[in-house]
file final_4.pdb (PDB, C-alpha atoms, pLDDT in the B column)
ATOM      1  CA  THR A   1       0.000   0.000   0.000  1.00 58.00           C
ATOM      2  CA  GLN A   2       1.406   3.335  -1.100  1.00 64.00           C
ATOM      3  CA  LEU A   3       0.583   5.790   1.652  1.00 81.00           C
ATOM      4  CA  LEU A   4       2.051   8.780  -0.121  1.00 92.00           C
ATOM      5  CA  GLU A   5       1.074   9.513  -3.703  1.00 93.00           C
ATOM      6  CA  GLN A   6       3.434  11.710  -5.649  1.00 95.00           C
ATOM      7  CA  SER A   7       2.673  13.444  -8.907  1.00 95.00           C
ATOM      8  CA  PRO A   8       3.812  13.795 -11.535  1.00 96.00           C
ATOM      9  CA  GLN A   9       5.947  10.681 -11.715  1.00 94.00           C
ATOM     10  CA  PHE A  10       8.099  12.082 -14.517  1.00 95.00           C
ATOM     11  CA  LEU A  11       8.726  15.662 -15.529  1.00 96.00           C
ATOM     12  CA  SER A  12      10.898  16.985 -18.340  1.00 97.00           C
ATOM     13  CA  ILE A  13      11.185  20.739 -18.637  1.00 97.00           C
ATOM     14  CA  GLN A  14      13.501  23.359 -20.042  1.00 97.00           C
ATOM     15  CA  GLU A  15      15.815  25.540 -18.041  1.00 97.00           C
ATOM     16  CA  GLY A  16      14.044  28.560 -16.628  1.00 97.00           C
ATOM     17  CA  GLU A  17      10.609  26.986 -16.299  1.00 97.00           C
ATOM     18  CA  ASN A  18       8.733  26.622 -13.039  1.00 97.00           C
ATOM     19  CA  LEU A  19       7.324  23.366 -11.713  1.00 97.00           C
ATOM     20  CA  THR A  20       5.368  21.941  -8.808  1.00 98.00           C
ATOM     21  CA  VAL A  21       5.509  18.435  -7.378  1.00 98.00           C
ATOM     22  CA  TYR A  22       2.687  17.161  -5.206  1.00 97.00           C
ATOM     23  CA  CYS A  23       2.671  14.664  -2.360  1.00 96.00           C
ATOM     24  CA  ASN A  24      -0.745  13.534  -1.134  1.00 95.00           C
ATOM     25  CA  SER A  25      -2.037  11.115   1.463  1.00 93.00           C
ATOM     26  CA  SER A  26      -5.196  10.201   3.313  1.00 91.00           C
ATOM     27  CA  SER A  27      -3.136   9.867   6.489  1.00 88.00           C
ATOM     28  CA  VAL A  28      -2.066  12.612   8.841  1.00 88.00           C
ATOM     29  CA  PHE A  29       1.665  12.922   9.377  1.00 87.00           C
ATOM     30  CA  SER A  30       3.471  14.569  12.248  1.00 84.00           C
ATOM     31  CA  SER A  31       5.972  15.774   9.667  1.00 87.00           C
ATOM     32  CA  LEU A  32       6.851  15.341   6.025  1.00 91.00           C
ATOM     33  CA  GLN A  33      10.282  15.391   4.530  1.00 93.00           C
ATOM     34  CA  TRP A  34      11.496  16.070   1.018  1.00 96.00           C
ATOM     35  CA  TYR A  35      14.604  14.423  -0.357  1.00 95.00           C
ATOM     36  CA  ARG A  36      16.549  14.622  -3.573  1.00 96.00           C
ATOM     37  CA  GLN A  37      18.375  11.585  -4.856  1.00 94.00           C
ATOM     38  CA  GLU A  38      20.900  11.315  -7.657  1.00 92.00           C
ATOM     39  CA  PRO A  39      21.573   8.001  -9.446  1.00 89.00           C
ATOM     40  CA  GLY A  40      23.716   5.640  -7.399  1.00 90.00           C
ATOM     41  CA  GLU A  41      23.577   7.779  -4.281  1.00 92.00           C
ATOM     42  CA  GLY A  42      21.531   7.923  -1.117  1.00 93.00           C
ATOM     43  CA  PRO A  43      18.759  10.500  -0.705  1.00 94.00           C
ATOM     44  CA  VAL A  44      19.727  13.904   0.649  1.00 92.00           C
ATOM     45  CA  LEU A  45      17.330  15.728   2.935  1.00 91.00           C
ATOM     46  CA  LEU A  46      16.083  19.037   1.557  1.00 94.00           C
ATOM     47  CA  VAL A  47      13.573  20.065   4.186  1.00 93.00           C
ATOM     48  CA  THR A  48      11.296  18.897   6.978  1.00 91.00           C
ATOM     49  CA  VAL A  49       7.875  20.483   7.387  1.00 92.00           C
ATOM     50  CA  VAL A  50       6.159  20.065  10.713  1.00 89.00           C
ATOM     51  CA  THR A  51       3.381  22.589  11.196  1.00 91.00           C
ATOM     52  CA  GLY A  52       0.162  22.540   9.169  1.00 93.00           C
ATOM     53  CA  GLY A  53       0.201  25.383   6.654  1.00 94.00           C
ATOM     54  CA  GLU A  54       3.931  25.843   7.025  1.00 95.00           C
ATOM     55  CA  VAL A  55       5.912  27.249   4.116  1.00 97.00           C
ATOM     56  CA  LYS A  56       9.672  26.879   3.883  1.00 96.00           C
ATOM     57  CA  LYS A  57      11.977  28.300   1.271  1.00 96.00           C
ATOM     58  CA  LEU A  58      15.346  26.980   0.210  1.00 94.00           C
ATOM     59  CA  LYS A  59      16.722  29.313  -2.457  1.00 95.00           C
ATOM     60  CA  ARG A  60      14.531  28.601  -5.513  1.00 97.00           C
ATOM     61  CA  LEU A  61      12.656  25.766  -3.799  1.00 97.00           C
ATOM     62  CA  THR A  62       9.449  26.438  -1.864  1.00 98.00           C
ATOM     63  CA  PHE A  63       7.911  23.717   0.280  1.00 97.00           C
ATOM     64  CA  GLN A  64       4.412  23.816   1.700  1.00 97.00           C
ATOM     65  CA  PHE A  65       2.711  21.556   4.227  1.00 95.00           C
ATOM     66  CA  GLY A  66      -1.061  21.275   3.981  1.00 95.00           C
ATOM     67  CA  ASP A  67      -3.207  22.671   6.764  1.00 94.00           C
ATOM     68  CA  ALA A  68      -4.419  19.170   7.650  1.00 93.00           C
ATOM     69  CA  ARG A  69      -0.878  17.760   7.470  1.00 91.00           C
ATOM     70  CA  LYS A  70      -1.901  15.221   4.842  1.00 92.00           C
ATOM     71  CA  ASP A  71      -0.226  16.728   1.809  1.00 94.00           C
ATOM     72  CA  SER A  72       2.733  18.773   0.735  1.00 96.00           C
ATOM     73  CA  SER A  73       4.078  20.453  -2.358  1.00 97.00           C
ATOM     74  CA  LEU A  74       7.461  21.395  -3.727  1.00 98.00           C
ATOM     75  CA  HIS A  75       7.688  24.329  -6.120  1.00 98.00           C
ATOM     76  CA  ILE A  76      10.861  25.080  -8.050  1.00 98.00           C
ATOM     77  CA  THR A  77      11.250  28.485  -9.637  1.00 97.00           C
ATOM     78  CA  ALA A  78      13.409  28.971 -12.726  1.00 98.00           C
ATOM     79  CA  ALA A  79      14.619  25.387 -12.822  1.00 97.00           C
ATOM     80  CA  GLN A  80      18.243  24.730 -13.704  1.00 97.00           C
ATOM     81  CA  PRO A  81      19.943  21.593 -15.080  1.00 96.00           C
ATOM     82  CA  GLY A  82      21.492  21.083 -11.658  1.00 95.00           C
ATOM     83  CA  ASP A  83      17.987  20.507 -10.270  1.00 96.00           C
ATOM     84  CA  THR A  84      17.757  17.252 -12.235  1.00 96.00           C
ATOM     85  CA  GLY A  85      17.175  14.283  -9.963  1.00 95.00           C
ATOM     86  CA  LEU A  86      14.637  12.135  -8.182  1.00 95.00           C
ATOM     87  CA  TYR A  87      12.550  14.047  -5.655  1.00 97.00           C
ATOM     88  CA  LEU A  88      11.023  11.991  -2.871  1.00 96.00           C
ATOM     89  CA  CYS A  89       8.559  12.916  -0.171  1.00 96.00           C
ATOM     90  CA  ALA A  90       8.474  10.854   3.002  1.00 94.00           C
ATOM     91  CA  GLY A  91       6.488  10.773   6.204  1.00 90.00           C
ATOM     92  CA  ALA A  92       6.679   8.800   9.435  1.00 79.00           C
ATOM     93  CA  LEU A  93       3.634   7.003  10.751  1.00 68.00           C
ATOM     94  CA  ARG A  94       5.050   4.425  13.146  1.00 64.00           C
ATOM     95  CA  GLY A  95       7.937   5.527  15.278  1.00 65.00           C
ATOM     96  CA  TYR A  96      10.493   7.078  12.992  1.00 71.00           C
ATOM     97  CA  ALA A  97      10.411   4.662  10.043  1.00 79.00           C
ATOM     98  CA  LEU A  98       9.778   6.614   6.865  1.00 86.00           C
ATOM     99  CA  ASN A  99       7.202   5.841   4.209  1.00 88.00           C
ATOM    100  CA  PHE A 100       8.358   7.143   0.877  1.00 92.00           C
ATOM    101  CA  GLY A 101       6.325   8.266  -2.075  1.00 92.00           C
ATOM    102  CA  LYS A 102       7.158   6.761  -5.466  1.00 91.00           C
ATOM    103  CA  GLY A 103       9.178   9.802  -6.364  1.00 94.00           C
ATOM    104  CA  THR A 104       9.200  12.380  -9.137  1.00 96.00           C
ATOM    105  CA  SER A 105      11.952  12.078 -11.687  1.00 95.00           C
ATOM    106  CA  LEU A 106      12.840  15.565 -12.897  1.00 96.00           C
ATOM    107  CA  LEU A 107      14.911  16.329 -15.981  1.00 96.00           C
ATOM    108  CA  VAL A 108      15.858  19.918 -16.701  1.00 97.00           C
ATOM    109  CA  THR A 109      17.405  20.476 -20.092  1.00 97.00           C
ATOM    110  CA  PRO A 110      19.524  23.515 -21.009  1.00 95.00           C
TER     111      PRO A 110
ATOM    112  CA  GLY B 111      26.067  17.813   9.125  1.00 65.00           C
ATOM    113  CA  ALA B 112      25.709  14.246  10.324  1.00 76.00           C
ATOM    114  CA  VAL B 113      27.459  11.655   8.175  1.00 90.00           C
ATOM    115  CA  VAL B 114      26.482   8.065   7.553  1.00 95.00           C
ATOM    116  CA  SER B 115      28.760   5.732   5.647  1.00 96.00           C
ATOM    117  CA  GLN B 116      28.142   2.380   4.014  1.00 97.00           C
ATOM    118  CA  HIS B 117      30.610  -0.281   3.053  1.00 97.00           C
ATOM    119  CA  PRO B 118      31.050  -1.625   0.508  1.00 97.00           C
ATOM    120  CA  SER B 119      29.688   0.855  -2.013  1.00 96.00           C
ATOM    121  CA  ARG B 120      29.173  -1.916  -4.518  1.00 96.00           C
ATOM    122  CA  VAL B 121      29.572  -5.668  -4.485  1.00 97.00           C
ATOM    123  CA  ILE B 122      29.278  -8.426  -7.041  1.00 97.00           C
ATOM    124  CA  CYS B 123      28.869 -11.959  -5.794  1.00 96.00           C
ATOM    125  CA  LYS B 124      27.949 -15.406  -6.989  1.00 96.00           C
ATOM    126  CA  SER B 125      24.534 -16.870  -6.326  1.00 97.00           C
ATOM    127  CA  GLY B 126      24.439 -18.738  -3.024  1.00 96.00           C
ATOM    128  CA  THR B 127      27.041 -16.649  -1.230  1.00 97.00           C
ATOM    129  CA  SER B 128      26.416 -14.304   1.673  1.00 97.00           C
ATOM    130  CA  VAL B 129      27.137 -10.601   1.618  1.00 97.00           C
ATOM    131  CA  LYS B 130      27.547  -8.278   4.595  1.00 97.00           C
ATOM    132  CA  ILE B 131      26.855  -4.560   4.307  1.00 98.00           C
ATOM    133  CA  GLU B 132      27.945  -2.160   7.033  1.00 97.00           C
ATOM    134  CA  CYS B 133      26.244   1.080   7.998  1.00 97.00           C
ATOM    135  CA  ARG B 134      28.092   3.485  10.284  1.00 96.00           C
ATOM    136  CA  SER B 135      27.144   6.800  11.818  1.00 93.00           C
ATOM    137  CA  LEU B 136      30.446   8.666  11.801  1.00 93.00           C
ATOM    138  CA  ASP B 137      29.858  11.655  14.052  1.00 89.00           C
ATOM    139  CA  PHE B 138      26.815  10.814  16.104  1.00 89.00           C
ATOM    140  CA  GLN B 139      25.271   7.961  18.034  1.00 90.00           C
ATOM    141  CA  ALA B 140      22.248   6.291  16.502  1.00 89.00           C
ATOM    142  CA  THR B 141      19.846   4.328  18.644  1.00 84.00           C
ATOM    143  CA  THR B 142      17.861   3.409  15.581  1.00 90.00           C
ATOM    144  CA  MET B 143      18.968   2.540  12.075  1.00 93.00           C
ATOM    145  CA  PHE B 144      16.797   1.646   9.140  1.00 94.00           C
ATOM    146  CA  TRP B 145      17.469  -0.513   6.104  1.00 96.00           C
ATOM    147  CA  TYR B 146      15.813   0.237   2.780  1.00 95.00           C
ATOM    148  CA  ARG B 147      15.906  -1.457  -0.604  1.00 96.00           C
ATOM    149  CA  GLN B 148      15.494   0.365  -3.871  1.00 95.00           C
ATOM    150  CA  PHE B 149      14.970  -1.332  -7.216  1.00 92.00           C
ATOM    151  CA  PRO B 150      15.748   0.539 -10.455  1.00 87.00           C
ATOM    152  CA  LYS B 151      13.429   3.452 -11.142  1.00 82.00           C
ATOM    153  CA  GLN B 152      11.503   2.773  -7.936  1.00 87.00           C
ATOM    154  CA  SER B 153      11.298   4.432  -4.564  1.00 90.00           C
ATOM    155  CA  LEU B 154      12.835   3.287  -1.293  1.00 92.00           C
ATOM    156  CA  MET B 155      11.051   0.447   0.481  1.00 92.00           C
ATOM    157  CA  LEU B 156      11.645  -0.050   4.183  1.00 92.00           C
ATOM    158  CA  MET B 157      12.983  -3.512   4.971  1.00 94.00           C
ATOM    159  CA  ALA B 158      13.595  -3.358   8.706  1.00 94.00           C
ATOM    160  CA  THR B 159      14.121  -1.153  11.716  1.00 92.00           C
ATOM    161  CA  SER B 160      17.199  -1.867  13.781  1.00 90.00           C
ATOM    162  CA  ASN B 161      17.430  -0.809  17.410  1.00 87.00           C
ATOM    163  CA  GLU B 162      20.737  -0.973  19.253  1.00 83.00           C
ATOM    164  CA  GLY B 163      20.923  -3.981  21.520  1.00 82.00           C
ATOM    165  CA  SER B 164      17.639  -5.555  20.464  1.00 84.00           C
ATOM    166  CA  LYS B 165      16.208  -7.585  17.626  1.00 88.00           C
ATOM    167  CA  ALA B 166      15.327  -5.870  14.398  1.00 92.00           C
ATOM    168  CA  THR B 167      11.725  -5.323  13.371  1.00 92.00           C
ATOM    169  CA  TYR B 168      11.074  -6.514   9.846  1.00 94.00           C
ATOM    170  CA  GLU B 169       8.459  -5.230   7.455  1.00 92.00           C
ATOM    171  CA  GLN B 170       5.850  -7.574   6.074  1.00 91.00           C
ATOM    172  CA  GLY B 171       7.218  -9.726   3.302  1.00 92.00           C
ATOM    173  CA  VAL B 172      10.869  -9.360   4.310  1.00 94.00           C
ATOM    174  CA  GLU B 173      12.440 -12.667   5.347  1.00 94.00           C
ATOM    175  CA  LYS B 174      14.270 -12.225   8.632  1.00 93.00           C
ATOM    176  CA  ASP B 175      16.304 -15.394   8.094  1.00 94.00           C
ATOM    177  CA  LYS B 176      17.518 -14.158   4.747  1.00 96.00           C
ATOM    178  CA  PHE B 177      18.279 -10.573   5.712  1.00 97.00           C
ATOM    179  CA  LEU B 178      20.137 -10.740   9.013  1.00 96.00           C
ATOM    180  CA  ILE B 179      20.494  -7.457  10.845  1.00 94.00           C
ATOM    181  CA  ASN B 180      22.843  -6.791  13.716  1.00 91.00           C
ATOM    182  CA  HIS B 181      22.997  -3.488  15.592  1.00 89.00           C
ATOM    183  CA  ALA B 182      25.670  -4.191  18.141  1.00 81.00           C
ATOM    184  CA  SER B 183      26.728  -0.622  18.858  1.00 89.00           C
ATOM    185  CA  LEU B 184      25.367   2.897  18.677  1.00 90.00           C
ATOM    186  CA  THR B 185      27.348   3.593  15.537  1.00 93.00           C
ATOM    187  CA  LEU B 186      27.190   0.374  13.551  1.00 94.00           C
ATOM    188  CA  SER B 187      24.471  -1.766  12.002  1.00 95.00           C
ATOM    189  CA  THR B 188      25.091  -4.594   9.557  1.00 96.00           C
ATOM    190  CA  LEU B 189      22.835  -6.234   7.007  1.00 97.00           C
ATOM    191  CA  THR B 190      23.801  -9.703   5.828  1.00 97.00           C
ATOM    192  CA  VAL B 191      22.105 -11.052   2.744  1.00 97.00           C
ATOM    193  CA  THR B 192      22.370 -14.806   3.180  1.00 97.00           C
ATOM    194  CA  SER B 193      22.445 -17.192   0.229  1.00 96.00           C
ATOM    195  CA  ALA B 194      21.990 -14.335  -2.171  1.00 96.00           C
ATOM    196  CA  HIS B 195      20.163 -14.907  -5.445  1.00 96.00           C
ATOM    197  CA  PRO B 196      19.888 -12.729  -8.561  1.00 96.00           C
ATOM    198  CA  GLU B 197      16.520 -11.385  -7.430  1.00 95.00           C
ATOM    199  CA  ASP B 198      18.273  -9.900  -4.374  1.00 96.00           C
ATOM    200  CA  SER B 199      20.234  -7.611  -6.664  1.00 97.00           C
ATOM    201  CA  SER B 200      19.280  -4.112  -5.635  1.00 96.00           C
ATOM    202  CA  PHE B 201      20.433  -0.838  -4.098  1.00 97.00           C
ATOM    203  CA  TYR B 202      20.503  -1.158  -0.319  1.00 98.00           C
ATOM    204  CA  ILE B 203      20.408   2.071   1.685  1.00 97.00           C
ATOM    205  CA  CYS B 204      20.634   2.569   5.417  1.00 96.00           C
ATOM    206  CA  SER B 205      19.668   5.551   7.501  1.00 94.00           C
ATOM    207  CA  ALA B 206      20.411   6.481  11.081  1.00 92.00           C
ATOM    208  CA  LYS B 207      18.452   8.494  13.605  1.00 89.00           C
ATOM    209  CA  PRO B 208      20.447  10.428  16.207  1.00 86.00           C
ATOM    210  CA  ARG B 209      19.852   9.804  19.896  1.00 80.00           C
ATOM    211  CA  THR B 210      18.409  13.305  20.239  1.00 75.00           C
ATOM    212  CA  GLY B 211      14.658  13.691  20.043  1.00 59.00           C
ATOM    213  CA  ARG B 212      14.637  15.007  16.485  1.00 63.00           C
ATOM    214  CA  GLU B 213      12.880  12.992  13.807  1.00 64.00           C
ATOM    215  CA  THR B 214      15.563  13.627  11.214  1.00 77.00           C
ATOM    216  CA  GLN B 215      17.277  10.623   9.701  1.00 84.00           C
ATOM    217  CA  TYR B 216      20.531  10.708   7.824  1.00 90.00           C
ATOM    218  CA  PHE B 217      21.006   8.428   4.870  1.00 93.00           C
ATOM    219  CA  GLY B 218      24.050   6.515   3.783  1.00 95.00           C
ATOM    220  CA  PRO B 219      25.289   6.592   0.183  1.00 96.00           C
ATOM    221  CA  GLY B 220      23.897   3.148  -0.556  1.00 97.00           C
ATOM    222  CA  THR B 221      25.368  -0.219  -1.561  1.00 97.00           C
ATOM    223  CA  ARG B 222      24.818  -1.630  -5.017  1.00 97.00           C
ATOM    224  CA  LEU B 223      24.520  -5.432  -4.860  1.00 97.00           C
ATOM    225  CA  LEU B 224      24.698  -7.527  -8.003  1.00 97.00           C
ATOM    226  CA  VAL B 225      24.215 -11.268  -7.648  1.00 97.00           C
ATOM    227  CA  LEU B 226      25.286 -13.301 -10.645  1.00 96.00           C
TER     228      LEU B 226
END
call {"tool": "encode", "arguments": {"input": "final_4.pdb", "output": "structure tokens"}}
result
Amino acid sequence: TQLLEQSPQFLSIQEGENLTVYCNSSSVFSSLQWYRQEPGEGPVLLVTVVTGGEVKKLKRLTFQFGDARKDSSLHITAAQPGDTGLYLCAGALRGYALNFGKGTSLLVTP
Amino acid sequence: GAVVSQHPSRVICKSGTSVKIECRSLDFQATTMFWYRQFPKQSLMLMATSNEGSKATYEQGVEKDKFLINHASLTLSTLTVTSAHPEDSSFYICSAKPRTGRETQYFGPGTRLLVL
């Protein structure tokens, strides 16, 4: 059972475009995390959102946690080729074990 | 930031052999470590939760006798794939949670296992 649904699954855009990735669930999470993973490497934490309605910014990346703490979004402004990678959302339901979404594979072409 | 290492980074073995993968937290103590498996073009799937000094908790469908986990210290957890078969070929990733109350986990760089 996939607790976290991510969309879109694949995204190919040109440099300079904006994009939004969505992470949705029917479950309430105490926090959601966003990771970026490059091929052959482990995921790297981008941000943790904890409070419903919270918005966090990391340079050109804006993360939002839904008011009900069931969904989150990642918005990238003026995407660059260096943003290419697999973006994963994850939330903990039991203890601290993370449930990951299926991921969004982003390709930004020059 | 906190660093987690894995060794080896990649391993190729013959079918039927056993392979041990180490996960170390280099600059912090981790009471809990997690083992994930990731198949090509798929997301991470939790295999087991490893608590220092106690038996690991395995997720449904993961064979505890095949994937042996040992968490003997606060900085080291090992995953042994026993009698590996080609279908065990995958990317194995560990993560470690610091002893502090934060929920953040730190991920290792992963181990690529190829069973011939």
call {"tool": "residues_around", "arguments": {"input": "final_4.pdb", "residues": "Ser25 in chain A", "least_positions_apart": "5", "cutoff": "8 Å", "atoms": "all atoms listed in the file", "output": "ChimeraX atom specification"}}
result
/A:3-5,70-71
call {"tool": "write_last_selection", "arguments": {"input": "final_4.pdb", "atoms": "C-alpha atoms", "output": "PDB file, keeping the file's coordinate frame"}}
result
ATOM      1  CA  LEU A   3       0.583   5.790   1.652  1.00 81.00           C
ATOM      2  CA  LEU A   4       2.051   8.780  -0.121  1.00 92.00           C
ATOM      3  CA  GLU A   5       1.074   9.513  -3.703  1.00 93.00           C
ATOM      4  CA  LYS A  70      -1.901  15.221   4.842  1.00 92.00           C
ATOM      5  CA  ASP A  71      -0.226  16.728   1.809  1.00 94.00           C
TER       6      ASP A  71
END
call {"tool": "closest_residue", "arguments": {"input": "final_4.pdb", "among": "B:His195, B:Arg147, B:His117, B:Lys207", "to": "Lys176 in chain B", "atoms": "only C-alpha atoms"}}
result
B:His195
call {"tool": "interface_residues", "arguments": {"input": "final_4.pdb", "of": "chain A", "to": "chain B", "cutoff": "9 Å", "atoms": "only C-alpha atoms", "output": "NGL selection string"}}
result
:A and (31 or 33 or 40-45 or 48 or 88 or 92 or 96-103 or 105)
call {"tool": "closest_residue", "arguments": {"input": "final_4.pdb", "among": "B:Val121, B:Glu173, B:Lys130, B:Ala112", "to": "Val191 in chain B", "atoms": "all atoms listed in the file"}}
result
B:Lys130
call {"tool": "residues_around", "arguments": {"input": "final_4.pdb", "residues": "Phe138 in chain B", "least_positions_apart": "4", "cutoff": "10 Å", "atoms": "all atoms listed in the file", "output": "short mmCIF file (atom, residue, chain, number, x, y, z; two decimals) with C-alpha atoms, in the coordinates of the input"}}
result
data_model
loop_
_atom_site.label_atom_id
_atom_site.label_comp_id
_atom_site.auth_asym_id
_atom_site.auth_seq_id
_atom_site.Cartn_x
_atom_site.Cartn_y
_atom_site.Cartn_z
CA GLY B 111 26.07 17.81 9.12
CA ALA B 112 25.71 14.25 10.32
CA VAL B 113 27.46 11.66 8.18
CA VAL B 114 26.48 8.06 7.55
CA ARG B 134 28.09 3.48 10.28
CA LEU B 184 25.37 2.90 18.68
CA THR B 185 27.35 3.59 15.54
CA ALA B 206 20.41 6.48 11.08
CA LYS B 207 18.45 8.49 13.60
CA PRO B 208 20.45 10.43 16.21
CA ARG B 209 19.85 9.80 19.90
CA THR B 210 18.41 13.30 20.24
#
call {"tool": "atom_distance", "arguments": {"input": "final_4.pdb", "atom1": "CA of Glu38 in chain A", "atom2": "CA of Gln64 in chain A"}}
result
22.7 Å
call {"tool": "atom_distance", "arguments": {"input": "final_4.pdb", "atom1": "CA of Gly16 in chain A", "atom2": "CA of Leu61 in chain A"}}
result
13.2 Å
call {"tool": "axis_aligned_box", "arguments": {"input": "final_4.pdb", "around": "range 151-157 of chain B", "padding_each_side": "3 Å", "output": "lines of an AutoDock Vina configuration file"}}
result
center_x = 12.2
center_y = 0.5
center_z = -3.1
size_x = 8.4
size_y = 13.9
size_z = 22.1
call {"tool": "residues_around", "arguments": {"input": "final_4.pdb", "residues": "Asp175 in chain B", "least_positions_apart": "3", "cutoff": "10 Å", "atoms": "all atoms listed in the file", "output": "PDB file with C-alpha atoms, in the coordinates of the input"}}
result
ATOM      1  CA  VAL B 172      10.869  -9.360   4.310  1.00 94.00           C
ATOM      2  CA  LEU B 178      20.137 -10.740   9.013  1.00 96.00           C
ATOM      3  CA  ILE B 179      20.494  -7.457  10.845  1.00 94.00           C
ATOM      4  CA  THR B 190      23.801  -9.703   5.828  1.00 97.00           C
ATOM      5  CA  VAL B 191      22.105 -11.052   2.744  1.00 97.00           C
ATOM      6  CA  THR B 192      22.370 -14.806   3.180  1.00 97.00           C
TER       7      THR B 192
END
call {"tool": "closest_residue", "arguments": {"input": "final_4.pdb", "among": "A:Arg69, A:Glu54, A:Cys89, A:Pro8", "to": "Tyr35 in chain A", "atoms": "only C-alpha atoms"}}
result
A:Cys89
call {"tool": "closest_residue", "arguments": {"input": "final_4.pdb", "among": "A:Leu32, A:Ser7, A:Gly91, A:Thr77", "to": "Leu19 in chain A", "atoms": "only C-alpha atoms"}}
result
A:Thr77
call {"tool": "closest_residue", "arguments": {"input": "final_4.pdb", "among": "B:Ser115, B:Ser128, B:Gln170, B:Ser164", "to": "Leu186 in chain B", "atoms": "all atoms listed in the file"}}
result
B:Ser115
call {"tool": "resolve_selection", "arguments": {"input": "final_4.pdb", "expression": "the PyMOL selection byres ((chain A and resi 14) around 10)", "output": "JSON, numbers by chain"}}
result
{"A": [12, 13, 15, 16, 17, 18, 78, 79, 80, 81, 107, 108, 109, 110]}
call {"tool": "atom_distance", "arguments": {"input": "final_4.pdb", "atom1": "CA of Ser26 in chain A", "atom2": "CA of Gln148 in chain B"}}
result
24.0 Å
